[in-house]
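Participant: The following file, start33.txt, comprises compact mmCIF, C-alpha atoms:
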# COMPACT_ATOMS: atom_id res chain seq x y z
CA MET H 260 -20.29 -3.53 4.34
CA ASP H 261 -21.07 -2.39 7.90
CA GLY H 262 -23.37 0.28 6.46
CA PHE H 263 -21.04 1.70 3.80
CA ALA H 264 -20.14 0.57 0.29
CA ILE H 265 -16.61 -0.43 -0.71
CA ALA H 266 -15.62 0.56 -4.24
CA GLY H 267 -13.49 -1.92 -6.17
CA PHE H 268 -11.86 -1.51 -9.56
CA ARG H 269 -11.03 -4.65 -11.53
CA LYS H 270 -9.19 -5.88 -14.59
CA GLN H 271 -9.78 -9.60 -14.87
CA GLY H 272 -6.80 -11.53 -16.15
CA PRO H 273 -6.26 -15.29 -16.22
CA GLY H 274 -4.14 -15.72 -13.10
CA SER H 275 -4.55 -15.53 -9.33
CA ALA H 276 -5.97 -12.45 -7.63
CA VAL H 277 -3.94 -9.36 -6.70
CA VAL H 278 -5.68 -6.80 -4.47
CA CYS H 279 -4.13 -3.32 -4.21
CA VAL H 280 -4.54 -1.05 -1.16
CA HIS H 281 -3.74 2.67 -1.46
CA GLY H 282 -1.88 5.08 0.80
CA ALA H 283 -2.97 7.55 3.49
CA GLY H 284 -5.51 10.18 2.52
CA VAL H 285 -5.66 9.15 -1.14
CA SER H 286 -7.51 6.53 -3.18
CA SER H 287 -7.02 3.87 -5.83
CA ARG H 288 -6.60 6.49 -8.57
CA GLU H 289 -2.80 6.22 -8.28
CA LEU H 290 -2.93 2.43 -8.54
CA LEU H 291 -5.09 2.09 -11.65
CA PRO H 292 -2.16 2.18 -14.14
CA PHE H 293 -0.62 -0.74 -12.25
CA VAL H 294 -3.97 -2.59 -12.17
CA GLU H 295 -4.16 -2.24 -15.96
CA ALA H 296 -0.65 -3.68 -16.33
CA ILE H 297 -0.85 -6.58 -13.84
CA GLY H 298 -4.40 -7.32 -15.00
CA GLU H 299 -3.03 -8.69 -18.26
CA ARG H 300 -1.82 -11.73 -16.30
CA HIS H 301 -3.76 -11.68 -13.01
CA ASP H 302 -7.23 -10.96 -11.65
CA ALA H 303 -6.32 -7.45 -10.54
CA TRP H 304 -8.26 -5.32 -8.08
CA ALA H 305 -7.81 -1.97 -6.37
CA ILE H 306 -10.15 -1.02 -3.54
CA ASP H 307 -10.91 2.32 -1.94
CA LEU H 308 -10.74 2.10 1.84
CA PRO H 309 -13.78 3.41 3.77
CA GLY H 310 -13.82 7.19 3.73
CA PHE H 311 -11.69 7.52 0.60
CA GLY H 312 -12.27 7.70 -3.13
CA ALA H 313 -15.56 6.22 -4.28
CA SER H 314 -16.20 4.17 -1.11
CA GLY H 315 -18.77 5.15 1.47
CA LYS H 316 -17.83 7.26 4.46
CA PRO H 317 -18.28 5.87 8.00
CA ALA H 318 -19.56 8.19 10.71
CA GLU H 319 -16.07 8.26 12.26
CA PRO H 320 -12.70 7.65 10.54
CA LEU H 321 -11.67 4.03 11.01
CA THR H 322 -8.57 2.94 12.89
CA LEU H 323 -5.89 1.01 11.04
CA PRO H 324 -6.99 -2.37 12.51
CA ALA H 325 -10.57 -1.59 11.48
CA LEU H 326 -9.38 -0.80 7.93
CA ALA H 327 -7.52 -4.11 7.88
CA ASP H 328 -10.67 -5.92 9.04
CA VAL H 329 -12.57 -4.31 6.15
CA VAL H 330 -9.96 -5.52 3.63
CA ALA H 331 -10.15 -9.07 5.02
CA ALA H 332 -13.97 -9.05 5.01
CA TRP H 333 -14.08 -7.57 1.50
CA ALA H 334 -11.75 -10.28 0.11
CA ASP H 335 -13.99 -12.94 1.63
CA ALA H 336 -17.18 -11.32 0.33
CA ALA H 337 -15.64 -11.03 -3.16
CA GLY H 338 -14.91 -14.76 -3.12
CA LEU H 339 -11.16 -14.29 -3.56
CA GLU H 340 -9.22 -17.34 -2.43
CA ARG H 341 -6.00 -16.21 -0.75
CA PRO H 342 -5.09 -13.30 -3.03
CA CYS H 343 -1.80 -11.43 -3.04
CA LEU H 344 -2.28 -8.19 -1.12
CA LEU H 345 -0.28 -5.26 -2.47
CA GLY H 346 0.00 -2.24 -0.23
CA LEU H 347 1.38 1.13 -1.27
CA SER H 348 2.82 3.44 1.41
CA PHE H 349 0.25 3.42 4.29
CA GLY H 350 -1.42 0.55 2.45
CA CYS H 351 1.62 -1.55 3.40
CA GLN H 352 0.75 -1.07 7.06
CA VAL H 353 -2.84 -2.08 6.37
CA VAL H 354 -1.97 -5.30 4.52
CA VAL H 355 0.66 -6.23 7.12
CA ASP H 356 -2.04 -5.90 9.79
CA VAL H 357 -4.31 -8.13 7.68
CA ALA H 358 -1.59 -10.78 7.38
CA ALA H 359 -0.70 -10.62 11.08
CA ARG H 360 -4.27 -10.83 12.45
CA HIS H 361 -6.02 -12.72 9.62
CA PRO H 362 -3.32 -15.18 8.55
CA GLY H 363 -5.57 -17.19 6.24
CA VAL H 364 -6.57 -14.28 4.00
CA ALA H 365 -3.47 -13.67 1.85
CA ALA H 366 -1.11 -16.01 0.03
CA ALA H 367 1.57 -13.33 -0.38
CA LEU H 368 2.26 -9.65 0.25
CA VAL H 369 3.86 -6.93 -1.85
CA LEU H 370 4.94 -3.86 0.13
CA GLY H 371 5.56 -0.86 -2.11
CA GLY H 372 7.29 1.95 -0.21
CA PRO H 373 6.54 0.64 3.31
CA THR H 374 5.95 3.30 5.96
CA VAL H 375 6.65 4.42 8.71
CA ASP H 376 10.33 4.33 9.69
CA PRO H 377 10.26 4.15 13.52
CA ARG H 378 13.23 6.55 13.68
CA GLY H 379 11.11 9.16 11.93
CA ARG H 380 7.80 8.68 13.71
CA SER H 381 6.90 12.35 13.82
CA PRO H 382 4.29 14.34 11.86
CA TRP H 383 6.80 17.08 11.08
CA ARG H 384 9.38 14.65 9.74
CA LEU H 385 6.70 12.85 7.71
CA VAL H 386 5.60 16.15 6.13
CA ALA H 387 9.22 17.07 5.36
CA GLN H 388 9.81 13.69 3.72
CA TRP H 389 6.60 14.04 1.70
CA LEU H 390 7.64 17.48 0.45
CA ARG H 391 11.12 16.28 -0.55
CA ASN H 392 9.72 13.24 -2.31
CA SER H 393 6.95 15.13 -4.14
CA ARG H 394 9.54 16.90 -6.31
CA GLY H 395 10.45 13.56 -7.87
CA GLU H 396 6.91 12.30 -8.50
CA SER H 397 5.09 12.65 -11.79
CA PRO H 398 3.36 16.07 -12.16
CA ARG H 399 0.32 14.16 -13.40
CA MET H 400 -0.19 12.75 -9.92
CA ALA H 401 -0.74 16.15 -8.24
CA PRO H 402 -4.33 16.66 -9.50
CA LEU H 403 -5.16 13.09 -8.48
CA ASN H 404 -3.91 13.76 -4.95
CA LEU H 405 -5.84 17.01 -4.72
CA ALA H 406 -9.04 15.26 -5.80
CA ASP H 407 -8.43 12.50 -3.25
CA TYR H 408 -7.81 14.94 -0.40
CA ARG H 409 -10.96 16.87 -1.36
CA ASP H 410 -13.04 13.67 -1.38
CA ALA H 411 -11.68 12.46 1.97
CA GLY H 412 -11.86 15.86 3.67
CA PRO H 413 -9.36 17.27 6.18
CA ARG H 414 -10.62 15.09 9.01
CA GLY H 415 -10.23 11.87 7.04
CA VAL H 416 -6.79 12.80 5.71
CA LEU H 417 -5.44 13.78 9.14
CA ALA H 418 -6.91 10.66 10.73
CA ALA H 419 -5.21 8.41 8.18
CA PHE H 420 -1.82 10.06 8.67
CA GLY H 421 -2.28 9.84 12.44
CA GLU H 422 -2.95 6.11 12.20
CA SER H 423 0.13 5.73 10.02
CA ILE H 424 2.35 7.42 12.60
CA ARG H 425 0.91 5.57 15.60
CA ASP H 426 1.05 2.10 14.04
CA ARG H 427 3.99 -0.01 15.23
CA VAL H 428 4.36 -2.00 12.04
CA GLU H 429 7.79 -3.21 13.15
CA ASP H 430 6.09 -5.36 15.82
CA LYS H 431 3.79 -7.00 13.26
CA LEU H 432 6.26 -7.78 10.48
CA PRO H 433 7.68 -10.89 12.26
CA LEU H 434 4.10 -12.26 12.44
CA VAL H 435 3.69 -12.32 8.64
CA THR H 436 3.91 -16.00 7.69
CA VAL H 437 3.54 -15.63 3.90
CA PRO H 438 6.21 -14.64 1.35
CA ALA H 439 6.59 -10.88 0.98
CA LEU H 440 8.22 -8.72 -1.69
CA VAL H 441 9.42 -5.28 -0.56
CA ILE H 442 9.79 -2.65 -3.31
CA ARG H 443 11.57 0.67 -2.79
CA GLY H 444 12.23 3.39 -5.35
CA GLY H 445 15.90 4.31 -5.39
CA ARG H 446 14.93 8.00 -5.03
CA ASP H 447 12.19 7.45 -2.45
CA ARG H 448 12.55 10.26 0.11
CA MET H 449 9.85 8.82 2.37
CA VAL H 450 11.35 5.36 2.87
CA PRO H 451 15.06 5.34 3.77
CA GLN H 452 17.09 2.44 2.41
CA ALA H 453 17.97 1.37 5.96
CA TRP H 454 14.27 1.07 6.85
CA ALA H 455 13.46 -0.91 3.69
CA GLU H 456 16.26 -3.30 4.63
CA GLU H 457 14.97 -3.53 8.22
CA VAL H 458 11.44 -4.29 6.98
CA THR H 459 12.85 -7.10 4.84
CA ARG H 460 14.92 -8.48 7.72
CA LEU H 461 11.93 -8.48 10.10
CA LEU H 462 9.77 -10.41 7.64
CA PRO H 463 10.26 -14.19 8.02
CA TYR H 464 10.11 -14.61 4.22
CA GLY H 465 11.01 -11.21 2.82
CA ARG H 466 12.86 -10.04 -0.26
CA LEU H 467 13.85 -6.48 -1.19
CA VAL H 468 14.04 -4.99 -4.69
CA VAL H 469 15.25 -1.40 -5.19
CA MET H 470 14.10 0.22 -8.43
CA ASP H 471 16.79 2.70 -9.45
CA GLY H 472 15.74 6.24 -10.25
CA LEU H 473 12.15 5.94 -9.03
CA PRO H 474 10.43 7.91 -6.24
CA HIS H 475 7.94 6.68 -3.63
CA MET H 476 5.00 5.90 -5.94
CA THR H 477 6.65 3.16 -8.00
CA PRO H 478 3.41 1.56 -9.32
CA TYR H 479 2.31 4.92 -10.77
CA ARG H 480 5.64 5.93 -12.27
CA ALA H 481 6.59 2.50 -13.62
CA PRO H 482 3.45 0.31 -13.70
CA ARG H 483 4.76 -2.23 -16.21
CA GLN H 484 8.12 -2.66 -14.49
CA VAL H 485 6.44 -3.15 -11.11
CA ALA H 486 3.93 -5.55 -12.71
CA ALA H 487 6.82 -7.60 -14.10
CA LEU H 488 8.42 -7.77 -10.65
CA VAL H 489 5.16 -8.85 -9.04
CA GLU H 490 4.46 -11.40 -11.78
CA GLY H 491 7.90 -12.98 -11.30
CA PHE H 492 7.46 -13.02 -7.53
CA LEU H 493 4.02 -14.67 -7.72
CA THR H 494 5.30 -17.26 -10.18
CA GLU H 495 7.96 -18.24 -7.64
CA VAL H 496 5.41 -18.29 -4.80
CA ALA H 497 3.12 -20.56 -6.80
CA ALA H 498 6.00 -22.93 -7.56
Show this structure as structure tokens.

Facilitator:
Amino acid sequence: MDGFAIAGFRKQGPGSAVVCVHGAGVSSRELLPFVEAIGERHDAWAIDLPGFGASGKPAEPLTLPALADVVAAWADAAGLERPCLLGLSFGCQVVVDVAARHPGVAAALVLGGPTVDPRGRSPWRLVAQWLRNSRGESPRMAPLNLADYRDAGPRGVLAAFGESIRDRVEDKLPLVTVPALVIRGGRDRMVPQAWAEEVTRLLPYGRLVVMDGLPHMTPYRAPRQVAALVEGFLTEVAA
């Protein structure tokens, strides 16, 4: 796609498609437990954005709108008819941009740990939040993150975090015309409760679920519980 390959990981279940988009600087590694769980009921995918994981690397890191264009083009090339797009962390910003600028692509959104709170739009605050949150994440995730950062390289990682900070997602949320489920871990130190509530309020058709006791990476820590939430949400959307 545009000179570089996009890696996709799939577990094909009987239901509609769910496409997962990872966070800044990392890859789909952290989403594969969730793909396994939701794939029992849905056609589940996780893709590596250009420059990350097993996907090809463009000559220059892509901007957030360019990443969103890749997701929209990939869904079309894969023959997926209006999938649910699930974003995790920075992936939320990517799928919101897809829904705002390509309104025919997705039938629904799931925003897991949506970033970035406009009141904390600073690299230093983002790093501090990441450090506080990391203490509550599974120790098994640390080697995955290190492998992802190594694969992406410092330039790619910094570019992704820069795009995350610059993106004014709050201006795009009101443009999302499909139902959206917002998921926040009750112990998420990167997404304040007030921001999760604001995200939900700005969405025309938004709903918030707080998962008690969980940190930022809810699909990794509790893949089956998150899959059950998403399954219930998509059943309602279909009805």

Participant: Emit as AutoDock Vina command-line options the padded axis-aligned box for all listed atoms of segment 301-313 of chain H, 6 Å per side, with centre and edge lengths in Å to one decimal.

Facilitator:
--center_x -9.7 --center_y -2.0 --center_z -4.6 --size_x 23.8 --size_y 31.4 --size_z 28.8

Participant: Go through segment 327-420 of chain H and flag each residue having an atom no more than 9 Å from segment 311-314 of chain H; for those, report the closest pair of atoms plus their distance in Å to one decimal, using all atoms listed in the file, ordered by chain and rising number, as a Markdown table.

Facilitator:
| residue | atom | partner | partner_atom | distance |
| --- | --- | --- | --- | --- |
| H:Ala406 | CA | H:Gly312 | CA | 8.6 |
| H:Asp407 | CA | H:Gly312 | CA | 6.1 |
| H:Tyr408 | CA | H:Phe311 | CA | 8.4 |
| H:Asp410 | CA | H:Gly312 | CA | 6.3 |
| H:Ala411 | CA | H:Phe311 | CA | 5.1 |
| H:Gly412 | CA | H:Phe311 | CA | 8.9 |
| H:Gly415 | CA | H:Phe311 | CA | 7.9 |
| H:Val416 | CA | H:Phe311 | CA | 8.8 |

Participant: Can you measure atom CA of Glu295 of chain H to atom CA of Ala487 of chain H for me? One decimal in Å is fine.

Facilitator: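 If I compute the distance from atom CA of Glu295 of chain H to atom CA of Ala487 of chain H, I get 12.4 Å.
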
Participant: If I take atom CA of Pro324 of chain H and atom CA of Val277 of chain H, how far is one from the other in Å, to one decimal?

Facilitator: 20.7 Å

Participant: Each residue of segment 337-373 of chain H with at least one atom at most 9 Å from segment 447-467 of chain H should appear once, together with its nearest atom pair and the corresponding distance in Å (one decimal); atoms considered: all atoms listed in the file; ordering: chain, then increasing residue number; output as a Markdown table.

Facilitator:
| residue | atom | partner | partner_atom | distance |
| --- | --- | --- | --- | --- |
| H:Ser348 | CA | H:Val450 | CA | 8.9 |
| H:Gly372 | CA | H:Val450 | CA | 6.1 |
| H:Pro373 | CA | H:Val450 | CA | 6.8 |

Participant: With distances taken over only C-alpha atoms, which of H:Thr494, H:Arg480, H:Thr374, H:Arg443 is nearest to Phe420 of chain H?

Facilitator: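 Ranking H:Thr494, H:Arg480, H:Thr374, H:Arg443 by distance to Phe420 of chain H, first place goes to H:Thr374.
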
Participant: Rounded to one decimal, what separation in Å do you get between atom CA of Ile265 of chain H and atom CA of Leu321 of chain H?

Facilitator: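 Going from atom CA of Ile265 of chain H over to atom CA of Leu321 of chain H, I get 13.5 Å.
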
Participant: Which residue is closest to Gln484 of chain H? Choose from H:Thr322, H:Ala296, H:Lys270, H:Asp302 and count only C-alpha atoms.

Facilitator: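 Looking at the shortest contact to Gln484 of chain H, the residue is H:Ala296.
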
Participant: Can you pull out the residues contacting segment 425-429 of chain H? Cut-off 8 Å, using all atoms listed in the file, and skip same-chain residues under 6 positions away; I want them as a PyMOL selection string.

Facilitator: chain H and resi 323+352+355-356+375+377+380+458+461

Participant: With C-alpha atoms retained, export the selected residues as a compact mmCIF listing (two decimals), in the frame of the given file.

Facilitator:
# COMPACT_ATOMS: atom_id res chain seq x y z
CA LEU H 323 -5.89 1.01 11.04
CA GLN H 352 0.75 -1.07 7.06
CA VAL H 355 0.66 -6.23 7.12
CA ASP H 356 -2.04 -5.90 9.79
CA VAL H 375 6.65 4.42 8.71
CA PRO H 377 10.26 4.15 13.52
CA ARG H 380 7.80 8.68 13.71
CA VAL H 458 11.44 -4.29 6.98
CA LEU H 461 11.93 -8.48 10.10

Participant: When you look at Ile442 of chain H with a cut-off of 10 Å (counting all atoms listed in the file), what residues show up, excluding the ones that are within fewer than 2 positions of it in the same chain? I need them as a ChimeraX atom specification.

Facilitator: /H:347,369-373,439-440,444-445,455,459,466-470,475,477-478,485,488-489

Participant: Next, the residues of the selection above should be written as a PDB file, in the frame of the given file with C-alpha atoms.

Facilitator:
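result.pdb, freshly written:
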ATOM      1  CA  LEU H 347       1.380   1.130  -1.270  1.00  0.00           C
ATOM      2  CA  VAL H 369       3.860  -6.930  -1.850  1.00  0.00           C
ATOM      3  CA  LEU H 370       4.940  -3.860   0.130  1.00  0.00           C
ATOM      4  CA  GLY H 371       5.560  -0.860  -2.110  1.00  0.00           C
ATOM      5  CA  GLY H 372       7.290   1.950  -0.210  1.00  0.00           C
ATOM      6  CA  PRO H 373       6.540   0.640   3.310  1.00  0.00           C
ATOM      7  CA  ALA H 439       6.590 -10.880   0.980  1.00  0.00           C
ATOM      8  CA  LEU H 440       8.220  -8.720  -1.690  1.00  0.00           C
ATOM      9  CA  GLY H 444      12.230   3.390  -5.350  1.00  0.00           C
ATOM     10  CA  GLY H 445      15.900   4.310  -5.390  1.00  0.00           C
ATOM     11  CA  ALA H 455      13.460  -0.910   3.690  1.00  0.00           C
ATOM     12  CA  THR H 459      12.850  -7.100   4.840  1.00  0.00           C
ATOM     13  CA  ARG H 466      12.860 -10.040  -0.260  1.00  0.00           C
ATOM     14  CA  LEU H 467      13.850  -6.480  -1.190  1.00  0.00           C
ATOM     15  CA  VAL H 468      14.040  -4.990  -4.690  1.00  0.00           C
ATOM     16  CA  VAL H 469      15.250  -1.400  -5.190  1.00  0.00           C
ATOM     17  CA  MET H 470      14.100   0.220  -8.430  1.00  0.00           C
ATOM     18  CA  HIS H 475       7.940   6.680  -3.630  1.00  0.00           C
ATOM     19  CA  THR H 477       6.650   3.160  -8.000  1.00  0.00           C
ATOM     20  CA  PRO H 478       3.410   1.560  -9.320  1.00  0.00           C
ATOM     21  CA  VAL H 485       6.440  -3.150 -11.110  1.00  0.00           C
ATOM     22  CA  LEU H 488       8.420  -7.770 -10.650  1.00  0.00           C
ATOM     23  CA  VAL H 489       5.160  -8.850  -9.040  1.00  0.00           C
TER      24      VAL H 489
END

Participant: Counting all atoms listed in the file, what is within 7 Å of Ile306 of chain H, bar same-chain residues fewer than 2 positions away, as number ranges by chain?

Facilitator: H: 266-268, 279-280, 287, 304, 308

Participant: What's the 9 Å shell around segment 337-340 of chain H, counting only C-alpha atoms, without same-chain residues fewer than 5 positions away, as a count of residues only?

Facilitator: 6

Participant: Could you model N, CA and C atoms for segment 452-482 of chain H and present them as a CSV table (one decimal), in the coordinates of the input?

Facilitator:
chain,number,residue,atom,x,y,z
H,452,GLN,N,16.6,3.8,2.8
H,452,GLN,CA,17.1,2.4,2.4
H,452,GLN,C,17.3,1.6,3.6
H,453,ALA,N,17.8,2.2,4.7
H,453,ALA,CA,18.0,1.4,6.0
H,453,ALA,C,16.7,0.8,6.5
H,454,TRP,N,15.6,1.6,6.4
H,454,TRP,CA,14.3,1.1,6.8
H,454,TRP,C,13.7,0.0,5.9
H,455,ALA,N,13.9,0.1,4.6
H,455,ALA,CA,13.5,-0.9,3.7
H,455,ALA,C,14.2,-2.2,4.0
H,456,GLU,N,15.5,-2.1,4.3
H,456,GLU,CA,16.3,-3.3,4.6
H,456,GLU,C,15.8,-3.9,6.0
H,457,GLU,N,15.5,-3.0,6.9
H,457,GLU,CA,15.0,-3.5,8.2
H,457,GLU,C,13.6,-4.2,8.1
H,458,VAL,N,12.7,-3.7,7.3
H,458,VAL,CA,11.4,-4.3,7.0
H,458,VAL,C,11.7,-5.7,6.4
H,459,THR,N,12.6,-5.8,5.5
H,459,THR,CA,12.8,-7.1,4.8
H,459,THR,C,13.4,-8.1,5.8
H,460,ARG,N,14.3,-7.6,6.7
H,460,ARG,CA,14.9,-8.5,7.7
H,460,ARG,C,13.9,-9.0,8.7
H,461,LEU,N,12.9,-8.1,9.1
H,461,LEU,CA,11.9,-8.5,10.1
H,461,LEU,C,10.9,-9.5,9.6
H,462,LEU,N,10.7,-9.5,8.3
H,462,LEU,CA,9.8,-10.4,7.6
H,462,LEU,C,10.4,-11.8,7.6
H,463,PRO,N,9.7,-12.8,8.1
H,463,PRO,CA,10.3,-14.2,8.0
H,463,PRO,C,10.6,-14.6,6.6
H,464,TYR,N,9.9,-14.2,5.6
H,464,TYR,CA,10.1,-14.6,4.2
H,464,TYR,C,10.1,-13.4,3.3
H,465,GLY,N,11.0,-12.5,3.5
H,465,GLY,CA,11.0,-11.2,2.8
H,465,GLY,C,12.1,-11.1,1.8
H,466,ARG,N,11.9,-10.3,0.8
H,466,ARG,CA,12.9,-10.0,-0.3
H,466,ARG,C,12.7,-8.6,-0.7
H,467,LEU,N,13.8,-7.9,-0.8
H,467,LEU,CA,13.8,-6.5,-1.2
H,467,LEU,C,14.3,-6.3,-2.6
H,468,VAL,N,13.6,-5.4,-3.4
H,468,VAL,CA,14.0,-5.0,-4.7
H,468,VAL,C,14.0,-3.5,-4.7
H,469,VAL,N,15.1,-2.9,-5.1
H,469,VAL,CA,15.2,-1.4,-5.2
H,469,VAL,C,15.2,-1.1,-6.7
H,470,MET,N,14.3,-0.2,-7.0
H,470,MET,CA,14.1,0.2,-8.4
H,470,MET,C,14.8,1.6,-8.6
H,471,ASP,N,15.9,1.5,-9.3
H,471,ASP,CA,16.8,2.7,-9.4
H,471,ASP,C,16.0,3.8,-10.1
H,472,GLY,N,16.3,5.0,-9.6
H,472,GLY,CA,15.7,6.2,-10.2
H,472,GLY,C,14.3,6.6,-10.0
H,473,LEU,N,13.6,5.7,-9.2
H,473,LEU,CA,12.2,5.9,-9.0
H,473,LEU,C,11.9,6.5,-7.7
H,474,PRO,N,10.8,7.3,-7.5
H,474,PRO,CA,10.4,7.9,-6.2
H,474,PRO,C,9.5,6.9,-5.5
H,475,HIS,N,8.7,7.5,-4.5
H,475,HIS,CA,7.9,6.7,-3.6
H,475,HIS,C,6.9,5.9,-4.4
H,476,MET,N,6.2,6.5,-5.3
H,476,MET,CA,5.0,5.9,-5.9
H,476,MET,C,5.4,5.1,-7.1
H,477,THR,N,6.1,4.0,-6.9
H,477,THR,CA,6.6,3.2,-8.0
H,477,THR,C,5.6,2.6,-8.9
H,478,PRO,N,4.4,2.1,-8.4
H,478,PRO,CA,3.4,1.6,-9.3
H,478,PRO,C,2.8,2.6,-10.3
H,479,TYR,N,2.8,3.9,-9.9
H,479,TYR,CA,2.3,4.9,-10.8
H,479,TYR,C,3.4,5.3,-11.8
H,480,ARG,N,4.6,5.5,-11.4
H,480,ARG,CA,5.6,5.9,-12.3
H,480,ARG,C,6.1,4.8,-13.2
H,481,ALA,N,6.1,3.6,-12.8
H,481,ALA,CA,6.6,2.5,-13.6
H,481,ALA,C,5.7,1.3,-13.5
H,482,PRO,N,4.4,1.4,-13.9
H,482,PRO,CA,3.4,0.3,-13.7
H,482,PRO,C,3.9,-1.0,-14.3
